Amino acid sequence: MAAIYSNAYLVIGATKADDCHRGFLDPVNQRLYNYGTHTYFHCDLDKGKHEPLVKRAWTLQEQLLASRMVHFTSSEMIWKCKTRLLCFCKQLDSLPSLPYVKKSYLAALSSSTPDDIFTIWLQVVQSLTGRSLTYPTDLLPAISGIARQIQSCGVGVYLAGMWADSLPKSLLWYRIGDWFRDPSQPTNYIAPTWSWASLYSSGRIESAPAMEPKWETKYDIMHTKVLSFSTTPKGKDPTGEVTYGSLTLSGPLIRVEFYEYDKNREQVISTPRERLAPFGDGYSESLKCFIRFDREFSKIPNHGPLFCLFVAEEKYDKGNVERGDAKEGDRKFSGLVLKASGKEEGALERVGMFGDVVNEGGASSHDLFLKAVETVVKII
């Protein structure tokens with residue numbers, strides 16, 4: 001599909017059509033000539049969800065890969081190419097730039113900086129989230145064309161929605177959004193648990209993975225090393241659907257127990273400050289931290305023992321120090337929360353991410369870190 005869209009002279013988008021049986025040449029709705037459509041096309045690929053085509057995951061890559069595209073929207077025709085954005089009513093004609101993601105994508109392809117390319121990939125992922133698919137297993141194939149084009153820029157091996165050259169920092173993603181709409185365990189295998197793609201279920205991604213775009217400048221010390229990685233494609237396309245994936249890491253690991261900081265469910269959701277404690281040491285030795293579970297903790301099947309893998313370390317930012325939340329020189333740790341896998345002996349599965357917060361007389365992340373033991377782990 002990448003070759004079709006990127007080599008096409010012109011792509012025509014039936015943007016207002018609900019499905020392939022609906023036409024797009026019927027009279028336009030003059031009342032929609034204003035804010036909504038223009039905001040969507042000028043600002044981002046995620047706005048203007050009133051247009052049916054924008055709700056579909058498969059259409060993201062045609063919008064990014066096409067050199068020229070004409071959108072037949074509910075209100076008018078809109079032209080988009082590599083340099084201009086024009087509309088029938090001329091309101092967009094005077095605007096100086098392309099939509100943000102499209103502009104960043106084109107700039108990243110011509111950039112020699114891996115950080116710029118990885119950053120635009122994260123924006124692609126976040127644009128994908130919230131779009132619908134009839135078949136959840138189509139998630140990775142729906143962006144395989146974009147992945148192949150980005151891979152041609154020399155960013156290394158593609159791993160089920162992730163890039164090997166961005167590991168291990170890019171493992172520190174987490175869900176954001178409506179925590180009440182918790183993703184269920186997908187019926188069919190989508191991706192290994194260390195990939196954001198594993199959270200897709202029920203035909204829709206309800207929450208976007210939030211990854212720090214400029215991770216190269218955020219974390220200054222890495223504690224985890226990547227030893228090996230692999231994915232098994234279902235077909236011939238290495239950027240498409242996968243049947244298995246594994247990641248072998250070496251880093252400080254500690255077995256922990258989990259305590260809810262606030263028993264009020266709504267409070268835990270809005271400010272998820274729970275506690276992790278070294279196994280057997282009890283609540284008094286616990287570290288209060290942000291634990292962003294990938295799914296609601298009670299819905300994690302047969303979780304058994306939990307482990308913390310310390311991945312990266314950074315300084316507290318200037319705002320924390322100025323507010324008195326941290327002292328100058330204090331360090332903050334981030335890592336993965338893991339559980340023993342019930343599918344493969346000796347392997348672990350990701351269930352969330354943890355990050356340090358301000359201490360209130362309890363243990364610090366450094367205290368917990370000192371008790372961790374350098375361990376080789378395999379995550380699937």
# chains A, B, ... in the order shown; residues from 1 in each chain; ligands from 1
>>> residues_around(residues="Gly13 (chain A)", least_positions_apart="3", cutoff="12 Å", atoms="only C-alpha atoms", output="VMD selection string")
chain A and resid 5 10 16 to 20 23 to 25 51 to 54 59 to 60 62 to 63 66 68 to 74 77 to 80
>>> select_by_dssp(residues="region 59-155 of chain A", states="strand (DSSP E)", output="PyMOL selection string")
chain A and resi 68-72+77-81+85-87
>>> select_by_dssp(residues="region 75-175 of chain A", states="helix (DSSP H, G or I)", output="ChimeraX atom specification")
/A:100-109,114-128,136-138,141-151,164-166,169-171
>>> atom_distance(atom1="CA of Trp196 (chain A)", atom2="CA of Tyr316 (chain A)")
25.9 Å
>>> closest_atom_pairs(of="region 222-250 of chain A", to="region 152-168 of chain A", cutoff="8 Å", atoms="only C-alpha atoms", output="tab-separated table")
residue	atom	partner	partner_atom	distance
A:Thr224	CA	A:Pro168	CA	6.9
A:Lys225	CA	A:Pro168	CA	7.0
A:Val226	CA	A:Pro168	CA	6.6
A:Phe229	CA	A:Ala164	CA	7.9
A:Ser230	CA	A:Leu159	CA	7.2
A:Thr231	CA	A:Leu159	CA	6.2
A:Pro238	CA	A:Tyr158	CA	7.6
A:Thr239	CA	A:Tyr158	CA	6.6
A:Gly240	CA	A:Ala160	CA	7.7
A:Glu241	CA	A:Ala160	CA	7.7
A:Val242	CA	A:Ala160	CA	6.9
A:Gly245	CA	A:Ala160	CA	7.7
>>> write_last_selection(atoms="N, CA and C atoms", output="tab-separated table (two decimals), in the first residue's frame")
chain	number	residue	atom	x	y	z
A	224	THR	N	19.23	-0.04	31.88
A	224	THR	CA	18.88	-1.29	31.19
A	224	THR	C	19.54	-1.34	29.83
A	225	LYS	N	20.08	-2.49	29.48
A	225	LYS	CA	20.70	-2.72	28.18
A	225	LYS	C	19.87	-3.72	27.39
A	226	VAL	N	19.82	-3.51	26.09
A	226	VAL	CA	19.12	-4.43	25.20
A	226	VAL	C	20.12	-5.48	24.74
A	229	PHE	N	16.53	-9.04	20.48
A	229	PHE	CA	15.13	-8.79	20.18
A	229	PHE	C	14.74	-9.57	18.94
A	230	SER	N	13.45	-9.88	18.83
A	230	SER	CA	12.96	-10.56	17.64
A	230	SER	C	11.45	-10.48	17.58
A	231	THR	N	10.93	-10.46	16.39
A	231	THR	CA	9.49	-10.61	16.16
A	231	THR	C	9.32	-11.61	15.02
A	238	PRO	N	7.59	-7.81	7.03
A	238	PRO	CA	8.14	-7.66	8.39
A	238	PRO	C	7.56	-6.48	9.15
A	239	THR	N	6.83	-5.60	8.47
A	239	THR	CA	6.21	-4.46	9.15
A	239	THR	C	4.71	-4.70	9.39
A	240	GLY	N	4.24	-5.88	9.07
A	240	GLY	CA	2.81	-6.17	9.21
A	240	GLY	C	2.48	-6.95	10.47
A	241	GLU	N	1.48	-7.79	10.38
A	241	GLU	CA	1.00	-8.56	11.52
A	241	GLU	C	2.08	-9.51	12.04
A	242	VAL	N	2.12	-9.68	13.36
A	242	VAL	CA	3.11	-10.57	13.98
A	242	VAL	C	2.40	-11.63	14.81
A	245	GLY	N	6.73	-12.00	19.68
A	245	GLY	CA	7.82	-11.05	19.83
A	245	GLY	C	8.47	-11.21	21.19
>>> closest_residue(among="A:Leu128, A:Leu140, A:Ile380, A:Leu106", to="Lys55 (chain A)", atoms="only C-alpha atoms")
A:Leu128
>>> residues_around(residues="Val337 (chain A)", least_positions_apart="4", cutoff="9 Å", atoms="only C-alpha atoms", output="list in words")
Ile291, Arg292, Phe293, Leu306, Phe307, Cys308, Leu309, Glu349, Arg350, Val351, Gly352, Met353 and Phe354 of chain A
>>> write_last_selection(atoms="N, CA, C and O atoms", output="CSV table (one decimal), in the first residue's frame")
chain,number,residue,atom,x,y,z
A,291,ILE,N,2.1,4.6,39.1
A,291,ILE,CA,2.1,3.3,38.5
A,291,ILE,C,1.0,3.4,37.4
A,291,ILE,O,-0.2,3.5,37.8
A,292,ARG,N,1.4,3.4,36.2
A,292,ARG,CA,0.4,3.5,35.1
A,292,ARG,C,0.2,2.1,34.5
A,292,ARG,O,0.9,1.7,33.6
A,293,PHE,N,-0.7,1.4,35.1
A,293,PHE,CA,-1.0,0.0,34.6
A,293,PHE,C,-1.6,0.1,33.2
A,293,PHE,O,-2.4,1.0,32.9
A,306,LEU,N,5.0,-9.5,41.2
A,306,LEU,CA,5.3,-8.4,40.3
A,306,LEU,C,6.7,-8.0,40.5
A,306,LEU,O,7.3,-8.2,41.6
A,307,PHE,N,7.3,-7.4,39.4
A,307,PHE,CA,8.7,-7.0,39.4
A,307,PHE,C,8.8,-5.6,38.8
A,307,PHE,O,8.1,-5.2,38.0
A,308,CYS,N,9.8,-4.9,39.3
A,308,CYS,CA,10.2,-3.6,38.8
A,308,CYS,C,11.5,-3.7,38.1
A,308,CYS,O,12.5,-4.1,38.7
A,309,LEU,N,11.6,-3.3,36.8
A,309,LEU,CA,12.8,-3.2,36.1
A,309,LEU,C,13.2,-1.7,35.9
A,309,LEU,O,12.4,-1.0,35.2
A,349,GLU,N,6.0,-10.6,31.3
A,349,GLU,CA,5.1,-9.8,30.5
A,349,GLU,C,5.0,-8.4,31.2
A,349,GLU,O,5.0,-8.3,32.4
A,350,ARG,N,4.9,-7.4,30.4
A,350,ARG,CA,4.7,-6.0,30.9
A,350,ARG,C,3.3,-5.8,31.3
A,350,ARG,O,2.4,-6.2,30.6
A,351,VAL,N,3.1,-5.2,32.5
A,351,VAL,CA,1.7,-4.8,32.9
A,351,VAL,C,1.6,-3.3,33.2
A,351,VAL,O,0.5,-2.8,33.4
A,352,GLY,N,2.7,-2.6,33.1
A,352,GLY,CA,2.6,-1.1,33.3
A,352,GLY,C,4.0,-0.5,33.3
A,352,GLY,O,5.0,-1.1,33.1
A,353,MET,N,4.0,0.8,33.7
A,353,MET,CA,5.2,1.6,33.9
A,353,MET,C,5.1,2.3,35.2
A,353,MET,O,4.0,2.7,35.7
A,354,PHE,N,6.3,2.5,35.8
A,354,PHE,CA,6.3,3.3,37.1
A,354,PHE,C,7.2,4.5,36.9
A,354,PHE,O,8.2,4.5,36.1
>>> closest_residue(among="A:Leu249, A:Cys81, A:Ile120, A:Val256", to="Ile379 (chain A)", atoms="only C-alpha atoms")
A:Leu249
>>> atom_distance(atom1="CA of Ser250 (chain A)", atom2="CA of Ala340 (chain A)")
16.2 Å
